[in-house]
Amino acid sequence: MEQQVKFEQIIKCGCGLDVHQKMVMATVRRSDTDFETREFNTYTRSLKSLREWCKAEGVTHIAMESTGIYWRPVFNILEEDFEIILVNARHIKNVPGHKTDKKDSRWISKLLLSGLLKGSFIPPREIRELRDLVRYKKKIVNQIASEKNRVIKTLEDANVKLSSVFSDVSGASASKMTRDIIDGKEEVEGLMQHIHGKVQAPRTEIRQALEGTLTDHHRFMLRLIKESIDEKERIIEKLDQQIEQASKQYMVEIDLLQTIPGVGQESAVRIISEIGVDMSRFPNEHHLSSWAGMSPGNNESAGKKKVPE
């Protein structure tokens with residue numbers, strides 16, 4: 001039998017969901033004795049049936065427990081009709097023994113009706129879509145950086161030692177030399193013409209660094225990597241256009257964020273894509289900094305503060 005634990009009820013009718021990759025267990029509850037549990041699969045038709053069942057039963061609040069990304073399609077289908085709380089699995093104590101998904105959904109619904117669940121922050125759909133764009137752009141930028149490092153490693157393999165004579169191989173002079181080498185322009189004096197301004201290494205040493213032993217394999221790899229970089233840069237152009245379109249409605253907030261020293265437009269868009277513009281979701285600035293992982297831990301016991309090892 002399910003362990004009976006008495007809590008004060010503050011929600012009239014709620015639903016607890018335990019979400020998995022292929023299955024959702026749902027318990028609609030009105031009281032300790034008035035509840036019903038059903039199982040749904042995670043295909044769209046079945047999730048719409050879950051939505052209609054909850055609406056027919058008069059559900060106002062839904063709490064779901066999930067790990068990974070399985071909660072997202074469920075949330076997308078239900079968010080317009082119900083107030084949804086996404087609960088971290090670690091914050092729920094299940095009924096001792098007999099751990100089953102059905103028991104989980106019943107326990108979640110019981111805690112939901114009592115107002116004992118603390119939901120994770122989920123921004124509105126427009127912010128989530130902007131966040132997807134911004135995060136994907138960051139991933140592509142990192143991939144371009146990796147490809148540029150691969151160019152340098154390939155040149156090093158050919159004993160073209162740009163990293164030995166330039167402190168920044170992504171600077172203007174070194175970048176132009178690299179592009180020429182990829183395009184097959186390997187003549188040292190021609191490459192030397194790209195040096196402008198002050199450089200740390202003597203020009204004689206730079207000439208020696210450019211005298212490599214490029215093979216057909218090196219040239220092939222360099223051309224391939226350059227094609228990869230060019231393709232990723234085209235993707236970034238498309239992402240920038242979409243990000244600009246998606247962030248137009250937040251221009252007031254973007255301008256305000258840029259009044260912070262060190263925050264430019266791109267950083268402002270990134271901040272909004274993560275926390276949204278509705279600050280009522282955070283009781284105060286301390287909650288926001290804690291959610292962002294910027295608050296130091298308070299490891300204190302018996303009046304003594306412990307220093308992390």
# chains A, B, ... in the order shown; residues from 1 in each chain; ligands from 1
$ residues_around --residues "region 219-230 of chain A" --least-positions-apart "6" --cutoff "7 Å" --atoms "only C-alpha atoms" --output "list in words"
Ile144, Glu147, Val151 and Ile182 of chain A
$ residues_around --residues "Arg72 (chain A)" --least-positions-apart "6" --cutoff "12 Å" --atoms "only C-alpha atoms" --output "list of chain:residue names"
A:Val19, A:His20, A:Gln21, A:Thr42, A:Leu47, A:Met64, A:Glu65, A:Ser66, A:Leu78, A:Glu79, A:Ile84, A:Leu86, A:Ile122, A:Arg125, A:Arg128
$ closest_residue --among "A:Gln9, A:Asn149, A:Ser175, A:Asn41" --to "Leu113 (chain A)" --atoms "only C-alpha atoms"
A:Gln9
$ closest_residue --among "A:Cys15, A:Val59, A:Met279, A:Ile235" --to "Arg38 (chain A)" --atoms "only C-alpha atoms"
A:Cys15
$ closest_residue --among "A:Thr67, A:Thr154, A:Ser164, A:Thr44" --to "Leu214 (chain A)" --atoms "only C-alpha atoms"
A:Thr154
$ closest_residue --among "A:Ile152, A:Ile77, A:Ile181, A:Ala26" --to "Arg106 (chain A)" --atoms "only C-alpha atoms"
A:Ala26
